[in-house]
>>> print(open('my_file-v7.txt').read())   # compact mmCIF, C-alpha atoms
# COMPACT_ATOMS: atom_id res chain seq x y z
CA MET D 43 92.34 44.19 205.43
CA ALA D 44 90.25 47.35 205.67
CA ALA D 45 89.06 49.45 202.74
CA ASP D 46 91.93 51.90 203.30
CA TRP D 47 94.41 48.98 203.03
CA THR D 48 95.28 49.00 206.71
CA MET D 49 95.44 45.83 208.76
CA THR D 50 96.10 44.60 212.28
CA GLN D 51 99.80 44.23 213.06
CA ASP D 52 99.40 41.06 215.19
CA TRP D 53 102.50 41.89 217.23
CA ALA D 54 101.82 38.93 219.51
CA GLY D 55 102.43 36.65 216.53
CA VAL D 56 105.94 37.98 215.85
CA SER D 57 108.45 35.14 216.18
CA ALA D 58 111.65 35.10 218.21
CA ALA D 59 113.61 34.89 214.95
CA GLN D 60 111.90 38.02 213.64
CA HIS D 61 112.67 39.91 216.84
CA ALA D 62 116.31 38.79 216.54
CA THR D 63 116.47 39.95 212.90
CA TRP D 64 115.12 43.36 213.88
CA ARG D 65 117.59 43.74 216.76
CA THR D 66 120.52 42.88 214.51
CA LEU D 67 119.45 45.31 211.81
CA PHE D 68 118.68 48.08 214.29
CA GLU D 69 121.95 47.79 216.20
CA GLN D 70 124.04 47.66 213.04
CA GLN D 71 122.39 50.63 211.34
CA CYS D 72 122.39 52.82 214.45
CA CYS D 73 126.15 52.35 214.82
CA ALA D 74 126.90 52.68 211.11
CA LEU D 75 124.97 55.93 210.53
CA GLU D 76 126.57 58.06 213.22
CA GLY D 77 127.98 61.13 211.45
CA TYR D 78 126.31 60.24 208.13
CA ALA D 79 122.60 60.71 208.93
CA CYS D 80 121.22 64.17 209.59
CA GLU D 81 120.87 65.17 213.25
CA ASP D 82 117.07 65.07 213.22
CA PHE D 83 117.17 61.45 212.11
CA LEU D 84 119.73 60.49 214.76
CA GLN D 85 117.73 62.20 217.50
CA GLY D 86 114.47 60.76 216.18
CA LEU D 87 115.84 57.27 216.70
CA ASP D 88 115.25 57.82 220.41
CA ILE D 89 111.55 57.12 219.86
CA LEU D 90 112.44 53.65 218.57
CA ARG D 91 115.07 53.14 221.26
CA SER D 92 112.44 53.83 223.93
CA LEU D 93 110.62 50.63 222.97
CA GLU D 94 111.44 47.10 223.99
CA PRO D 95 114.23 45.74 221.70
CA GLY D 96 112.87 43.83 218.75
CA VAL D 97 110.05 44.38 216.25
CA PRO D 98 108.14 47.45 217.48
CA ASN D 99 104.65 47.05 218.82
CA PHE D 100 102.84 49.65 216.70
CA ALA D 101 100.30 50.34 219.46
CA LEU D 102 103.06 51.32 221.90
CA LEU D 103 105.05 53.12 219.22
CA ASN D 104 102.02 55.19 218.27
CA ARG D 105 101.49 56.39 221.84
CA ARG D 106 104.96 57.91 221.87
CA LEU D 107 104.97 58.99 218.24
CA LYS D 108 101.61 60.73 218.29
CA ALA D 109 102.44 62.59 221.49
CA ALA D 110 105.74 63.80 220.01
CA THR D 111 104.77 64.44 216.38
CA GLY D 112 101.02 64.07 215.77
CA TRP D 113 101.70 61.08 213.49
CA GLU D 114 100.85 57.43 213.84
CA ILE D 115 101.92 54.27 212.03
CA VAL D 116 99.39 52.12 210.21
CA ALA D 117 100.19 48.57 209.13
CA VAL D 118 99.66 47.76 205.44
CA PRO D 119 100.47 44.63 203.40
CA GLY D 120 103.30 46.32 201.45
CA TRP D 121 102.83 48.44 198.35
CA ILE D 122 99.34 49.99 198.35
CA PRO D 123 97.47 52.02 195.69
CA ASN D 124 98.23 55.71 195.36
CA GLU D 125 94.98 57.15 196.62
CA PRO D 126 94.92 55.47 200.06
CA PHE D 127 98.66 56.15 200.42
CA PHE D 128 98.10 59.88 199.81
CA GLU D 129 95.07 59.88 202.12
CA HIS D 130 97.13 58.40 204.94
CA LEU D 131 99.87 61.02 204.58
CA THR D 132 97.34 63.84 204.43
CA ASN D 133 95.95 62.64 207.76
CA ARG D 134 99.37 62.12 209.37
CA ARG D 135 99.31 58.35 209.14
CA PHE D 136 102.50 56.73 207.86
CA PRO D 137 101.96 53.34 206.16
CA ALA D 138 104.43 50.62 207.19
CA ALA D 139 104.74 47.18 205.62
CA ASN D 140 103.44 44.46 207.92
CA PHE D 141 106.23 42.01 207.12
CA LEU D 142 109.92 41.71 207.94
CA ARG D 143 112.62 40.26 205.72
CA PRO D 144 113.60 36.68 206.68
CA PRO D 145 116.93 36.04 208.45
CA GLU D 146 118.51 34.62 205.29
CA GLN D 147 117.85 37.95 203.52
CA ILE D 148 118.93 40.16 206.39
CA GLY D 149 121.40 42.09 204.23
CA TYR D 150 119.04 42.91 201.39
CA SER D 151 115.28 43.17 200.98
CA GLU D 152 113.93 43.17 197.43
CA GLU D 153 110.98 45.35 198.44
CA PRO D 154 110.57 47.84 201.28
CA ASP D 155 109.78 45.89 204.45
CA MET D 156 108.90 46.93 207.99
CA PHE D 157 112.50 47.72 208.87
CA HIS D 158 112.85 50.04 205.88
CA ASP D 159 109.56 51.80 206.63
CA ILE D 160 109.97 52.16 210.39
CA PHE D 161 113.72 52.62 210.81
CA GLY D 162 114.15 54.57 207.58
CA HIS D 163 111.24 56.99 207.95
CA VAL D 164 109.84 57.27 211.48
CA PRO D 165 112.79 59.25 212.94
CA MET D 166 112.31 62.02 210.36
CA LEU D 167 108.69 62.53 211.45
CA THR D 168 110.12 64.36 214.48
CA ASN D 169 111.25 67.27 212.27
CA PRO D 170 108.28 69.70 212.02
CA ALA D 171 109.13 71.04 208.56
CA PHE D 172 109.69 67.58 207.08
CA SER D 173 106.49 66.38 208.73
CA GLU D 174 104.58 69.22 207.05
CA PHE D 175 106.26 68.37 203.74
CA LEU D 176 104.80 64.86 203.93
CA VAL D 177 101.32 66.25 204.60
CA ALA D 178 101.67 68.67 201.68
CA TYR D 179 102.91 65.80 199.53
CA GLY D 180 99.84 63.74 200.40
CA GLN D 181 97.55 66.62 199.52
CA ALA D 182 99.37 67.16 196.22
CA GLY D 183 99.10 63.43 195.55
CA LEU D 184 95.32 63.46 195.82
CA ARG D 185 95.20 66.30 193.30
CA ALA D 186 97.69 64.51 191.04
CA GLU D 187 95.48 61.41 191.00
CA LYS D 188 92.68 63.44 189.46
CA LEU D 189 95.06 64.84 186.83
CA GLY D 190 96.67 61.51 185.97
CA ALA D 191 100.05 62.85 187.10
CA SER D 192 100.95 60.57 190.01
CA ASP D 193 104.05 59.21 188.24
CA PHE D 194 105.59 62.69 188.18
CA LEU D 195 104.86 63.17 191.86
CA GLY D 196 106.21 59.70 192.63
CA ARG D 197 109.65 60.80 191.47
CA LEU D 198 109.56 63.68 193.96
CA TRP D 199 108.95 61.15 196.75
CA LEU D 200 111.74 58.87 195.60
CA TYR D 201 114.36 61.58 195.21
CA THR D 202 113.53 63.29 198.53
CA THR D 203 111.87 61.04 201.10
CA GLU D 204 113.80 57.97 199.95
CA PHE D 205 117.09 59.33 198.58
CA GLY D 206 117.38 62.97 199.67
CA LEU D 207 120.50 64.72 200.99
CA VAL D 208 120.62 67.84 203.16
CA LEU D 209 123.38 70.35 203.90
CA GLU D 210 123.77 70.57 207.66
CA ALA D 211 126.30 72.92 209.26
CA GLY D 212 128.25 72.87 206.00
CA GLU D 213 128.31 69.08 205.89
CA LEU D 214 126.44 66.77 203.55
CA ARG D 215 124.11 64.41 205.41
CA ALA D 216 121.46 61.89 204.37
CA PHE D 217 117.79 62.03 205.30
CA GLY D 218 116.12 59.69 202.80
CA GLY D 219 114.91 56.38 204.20
CA GLY D 220 116.13 54.43 201.18
CA ILE D 221 119.64 55.67 201.91
CA LEU D 222 119.55 55.34 205.67
CA SER D 223 118.28 51.76 205.64
CA SER D 224 121.24 50.85 203.38
CA TYR D 225 124.78 51.15 204.74
CA ALA D 226 126.27 50.72 201.27
CA GLU D 227 124.12 53.42 199.71
CA THR D 228 124.80 55.74 202.65
CA LEU D 229 128.51 55.53 201.86
CA ARG D 230 127.95 55.94 198.13
CA SER D 231 125.65 58.96 198.45
CA LEU D 232 127.92 60.86 200.82
CA THR D 233 131.48 59.82 200.00
CA SER D 234 131.74 58.65 196.38
CA THR D 235 132.65 60.97 193.51
CA GLU D 236 130.81 58.72 191.06
CA PRO D 237 127.14 59.84 191.42
CA ARG D 238 125.97 63.32 190.49
CA ARG D 239 124.56 65.64 193.15
CA ILE D 240 122.50 68.68 192.25
CA TRP D 241 120.40 71.15 194.18
CA LEU D 242 116.72 70.32 194.31
CA ASP D 243 114.50 71.66 191.54
CA ILE D 244 111.02 70.16 191.65
CA GLU D 245 110.39 70.23 187.91
CA ARG D 246 113.79 68.65 187.25
CA VAL D 247 113.08 65.93 189.80
CA MET D 248 109.73 65.13 188.22
CA ARG D 249 111.40 64.59 184.87
CA THR D 250 114.23 62.41 186.17
CA GLN D 251 114.04 58.68 185.58
CA TYR D 252 114.47 56.40 188.57
CA HIS D 253 115.94 52.90 188.74
CA PHE D 254 114.80 50.49 191.46
CA ASP D 255 117.41 47.80 190.87
CA GLU D 256 120.67 49.72 191.34
CA PHE D 257 122.27 52.42 193.44
CA GLN D 258 121.17 55.90 192.45
CA ARG D 259 123.26 57.77 189.92
CA ILE D 260 121.97 61.17 190.98
CA TYR D 261 121.04 62.65 194.35
CA PHE D 262 119.19 65.90 195.01
CA VAL D 263 120.35 68.20 197.81
CA VAL D 264 118.32 70.64 199.93
CA ASN D 265 119.65 73.44 202.14
CA SER D 266 117.16 72.65 204.86
CA PHE D 267 113.83 70.95 205.45
CA GLU D 268 112.22 74.37 205.64
CA ASP D 269 113.46 74.99 202.08
CA LEU D 270 112.04 71.63 200.98
CA LEU D 271 108.65 72.48 202.47
CA GLN D 272 108.69 75.98 200.98
CA ALA D 273 109.58 74.70 197.51
CA THR D 274 106.70 72.24 197.70
CA GLU D 275 104.19 74.83 198.90
CA ASP D 276 105.29 77.38 196.28
CA ALA D 277 105.24 74.97 193.32
CA ASP D 278 102.34 75.13 190.85
CA PHE D 279 102.15 71.38 190.35
CA ALA D 280 99.35 71.49 187.78
CA ALA D 281 101.36 73.90 185.59
CA ILE D 282 104.46 71.72 185.93
CA TYR D 283 102.49 68.62 184.91
CA ARG D 284 101.25 70.40 181.79
CA ARG D 285 104.74 71.57 180.83
CA ILE D 286 106.42 68.20 181.16
CA ALA D 287 103.60 65.93 180.00
CA GLY D 288 105.03 65.53 176.51
CA GLU D 289 108.70 65.74 177.44
CA ALA D 290 111.10 62.80 177.53
CA VAL D 291 112.35 61.63 180.90
CA ILE D 292 115.90 62.56 181.81
CA ASP D 293 118.39 59.76 182.40
CA PRO D 294 119.71 59.89 186.00
CA GLY D 295 123.29 60.18 184.79
CA ALA D 296 122.62 62.95 182.28
CA SER D 297 123.22 66.66 182.70
CA PHE D 298 120.39 69.06 181.99
CA PRO D 299 120.34 72.82 181.30
CA GLY D 300 119.75 74.69 184.52
CA ASP D 301 121.24 72.04 186.78
CA ARG D 302 123.02 73.53 189.77
CA ALA D 303 125.66 71.07 190.86
CA TYR D 304 126.50 70.62 194.49
CA THR D 305 130.20 71.49 194.64
CA GLY D 306 130.78 71.35 198.37
CA PRO D 307 132.87 68.78 200.20
CA LEU D 308 131.89 65.16 200.46
CA GLN D 309 132.02 63.11 203.62
CA GLN D 310 135.19 61.21 204.43
CA VAL D 311 135.01 57.44 204.38
CA ARG D 312 135.21 56.27 207.95
CA THR D 313 135.87 52.75 209.12
CA GLY D 314 132.49 51.17 209.71
CA PRO D 315 131.60 48.93 212.64
CA ALA D 316 133.46 45.64 212.44
CA PHE D 317 130.25 43.62 212.38
CA MET D 318 129.15 45.30 209.13
CA GLY D 319 131.83 43.42 207.19
CA GLU D 320 130.94 43.41 203.51
CA ASP D 321 127.22 43.10 204.12
CA VAL D 322 124.87 45.46 202.34
CA VAL D 323 121.92 46.25 204.56
CA ARG D 324 119.02 47.46 202.49
>>> encode(input="my_file-v7.txt", output="structure tokens")
Amino acid sequence: MAADWTMTQDWAGVSAAQHATWRTLFEQQCCALEGYACEDFLQGLDILRSLEPGVPNFALLNRRLKAATGWEIVAVPGWIPNEPFFEHLTNRRFPAANFLRPPEQIGYSEEPDMFHDIFGHVPMLTNPAFSEFLVAYGQAGLRAEKLGASDFLGRLWLYTTEFGLVLEAGELRAFGGGILSSYAETLRSLTSTEPRRIWLDIERVMRTQYHFDEFQRIYFVVNSFEDLLQATEDADFAAIYRRIAGEAVIDPGASFPGDRAYTGPLQQVRTGPAFMGEDVVR
């Protein structure tokens, strides 16, 4: 492993079982997300479809991805420290876990694996505004490290890049990779009346607690990826960190003064592909 936490993918060492696991996950999620994922995500899947079926060869993927978006994928062992993660984003390198869930855990991965990172995030790199948001996020992250405020910024990542919703042609769609790599959470985020949905406010997001071990109880909505980028570029992060440093975190299910609830229509529950059954892909 290099000093920046990157490593060689060793695509030649990928087993037949791993390729089969990837193909199953990819085929299921592509079918299941039609009409639920935002259009940029659905169109961005073409980059992955252009590769040979199975676990992507990062070298081949990067040729197509860099030509189309300016980004490249770098293999990492899984979770990596904040500073190299922010450095990679700043330089248009997206870190992807260099492991794939085993076949017996095909429905649920306890930590983000290669399928989550590649399938859930690579398609959105094709949207120019979202791509610039990730670069701006990386730059803000490097500044946050110096201020000891990375936890606040981490919540912005989780509630946008992982679990964000966008209004598209008057319809609620998902763009967060944590949603789109989970069929069950896709349905919950877009069709269920149980979770709360509010319009994105960066300071509110940074104060909102996040739970890793359950479906989200609150989702933040943006009007467009241009609005998400603009809100990030306009925010005075250092001032926000100072204001909220001594404040209690907000429970995800709690209301807060100033919240603007999303009151538009939800998606209709559609019959999923027969092969999805009761499985929860995540």
>>> residues_near_point(input="my_file-v7.txt", point="(108.1, 66.9, 202.5)", cutoff="8 Å", atoms="all atoms listed in the file", output="MDAnalysis selection string")
chainID D and resid 171:179 202:203 267 270:271 274
>>> residues_around(input="my_file-v7.txt", residues="range 161-167 of chain D", least_positions_apart="6", cutoff="6 Å", atoms="only C-alpha atoms", output="ChimeraX atom specification")
/D:83,86-87,173,219,222-223
>>> write_last_selection(input="my_file-v7.txt", atoms="C-alpha atoms", output="PDB file, in the frame of the given file")
ATOM      1  CA  PHE D  83     117.170  61.450 212.110  1.00  0.00           C
ATOM      2  CA  GLY D  86     114.470  60.760 216.180  1.00  0.00           C
ATOM      3  CA  LEU D  87     115.840  57.270 216.700  1.00  0.00           C
ATOM      4  CA  SER D 173     106.490  66.380 208.730  1.00  0.00           C
ATOM      5  CA  GLY D 219     114.910  56.380 204.200  1.00  0.00           C
ATOM      6  CA  LEU D 222     119.550  55.340 205.670  1.00  0.00           C
ATOM      7  CA  SER D 223     118.280  51.760 205.640  1.00  0.00           C
TER       8      SER D 223
END
>>> residues_near_point(input="my_file-v7.txt", point="(112.7, 42.8, 192.9)", cutoff="12 Å", atoms="only C-alpha atoms", output="list in words")
Tyr150, Ser151, Glu152, Glu153, Pro154, His253, Phe254, Asp255 and Glu256 of chain D
>>> residues_around(input="my_file-v7.txt", residues="Thr50 in chain D", least_positions_apart="6", cutoff="9 Å", atoms="all atoms listed in the file", output="ChimeraX atom specification")
/D:43,116-118,140
>>> atom_distance(input="my_file-v7.txt", atom1="CA of Asp278 in chain D", atom2="CA of Leu131 in chain D")
19.8 Å
>>> closest_atom_pairs(input="my_file-v7.txt", of="range 110-186 of chain D", to="range 195-200 of chain D", cutoff="10 Å", atoms="all atoms listed in the file", output="tab-separated table")
residue	atom	partner	partner_atom	distance
D:Asn124	CA	D:Gly196	CA	9.3
D:Leu176	CA	D:Trp199	CA	9.1
D:Tyr179	CA	D:Trp199	CA	8.1
D:Gly180	CA	D:Leu195	CA	9.9
D:Ala182	CA	D:Leu195	CA	8.1
D:Gly183	CA	D:Leu195	CA	6.8
D:Ala186	CA	D:Leu195	CA	7.3
>>> residues_around(input="my_file-v7.txt", residues="Ile89 in chain D", least_positions_apart="2", cutoff="10 Å", atoms="all atoms listed in the file", output="list in words")
Gln85, Gly86, Leu87, Arg91, Ser92, Leu93, Leu103, Asn104, Arg106, Leu107, Ala110, Val164, Pro165 and Thr168 of chain D
>>> residues_around(input="my_file-v7.txt", residues="range 231-233 of chain D", least_positions_apart="3", cutoff="8 Å", atoms="only C-alpha atoms", output="list in words")
Tyr78, Leu214, Arg215, Ala216, Ile221, Glu227, Thr228, Pro237, Tyr261, Leu308, Gln309, Gln310 and Val311 of chain D
>>> atom_distance(input="my_file-v7.txt", atom1="CA of Phe100 in chain D", atom2="CA of Asp52 in chain D")
9.4 Å
>>> closest_residue(input="my_file-v7.txt", among="D:Asn169, D:Gly295, D:Phe262, D:Ala138", to="Met156 in chain D", atoms="only C-alpha atoms")
D:Ala138
>>> residues_around(input="my_file-v7.txt", residues="Arg238 in chain D", least_positions_apart="2", cutoff="7 Å", atoms="only C-alpha atoms", output="list in words")
Glu236, Ile240, Arg259, Ile260 and Tyr261 of chain D
>>> atom_distance(input="my_file-v7.txt", atom1="CA of Gly288 in chain D", atom2="CA of Val247 in chain D")
15.5 Å
>>> closest_residue(input="my_file-v7.txt", among="D:Leu184, D:Val56, D:Ile292, D:Leu242", to="Glu125 in chain D", atoms="all atoms listed in the file")
D:Leu184
>>> axis_aligned_box(input="my_file-v7.txt", around="range 284-295 of chain D", padding_each_side="6 Å", output="JSON")
{"center_x": 112.3, "center_y": 65.7, "center_z": 181.3, "size_x": 34.0, "size_y": 23.8, "size_z": 21.5}
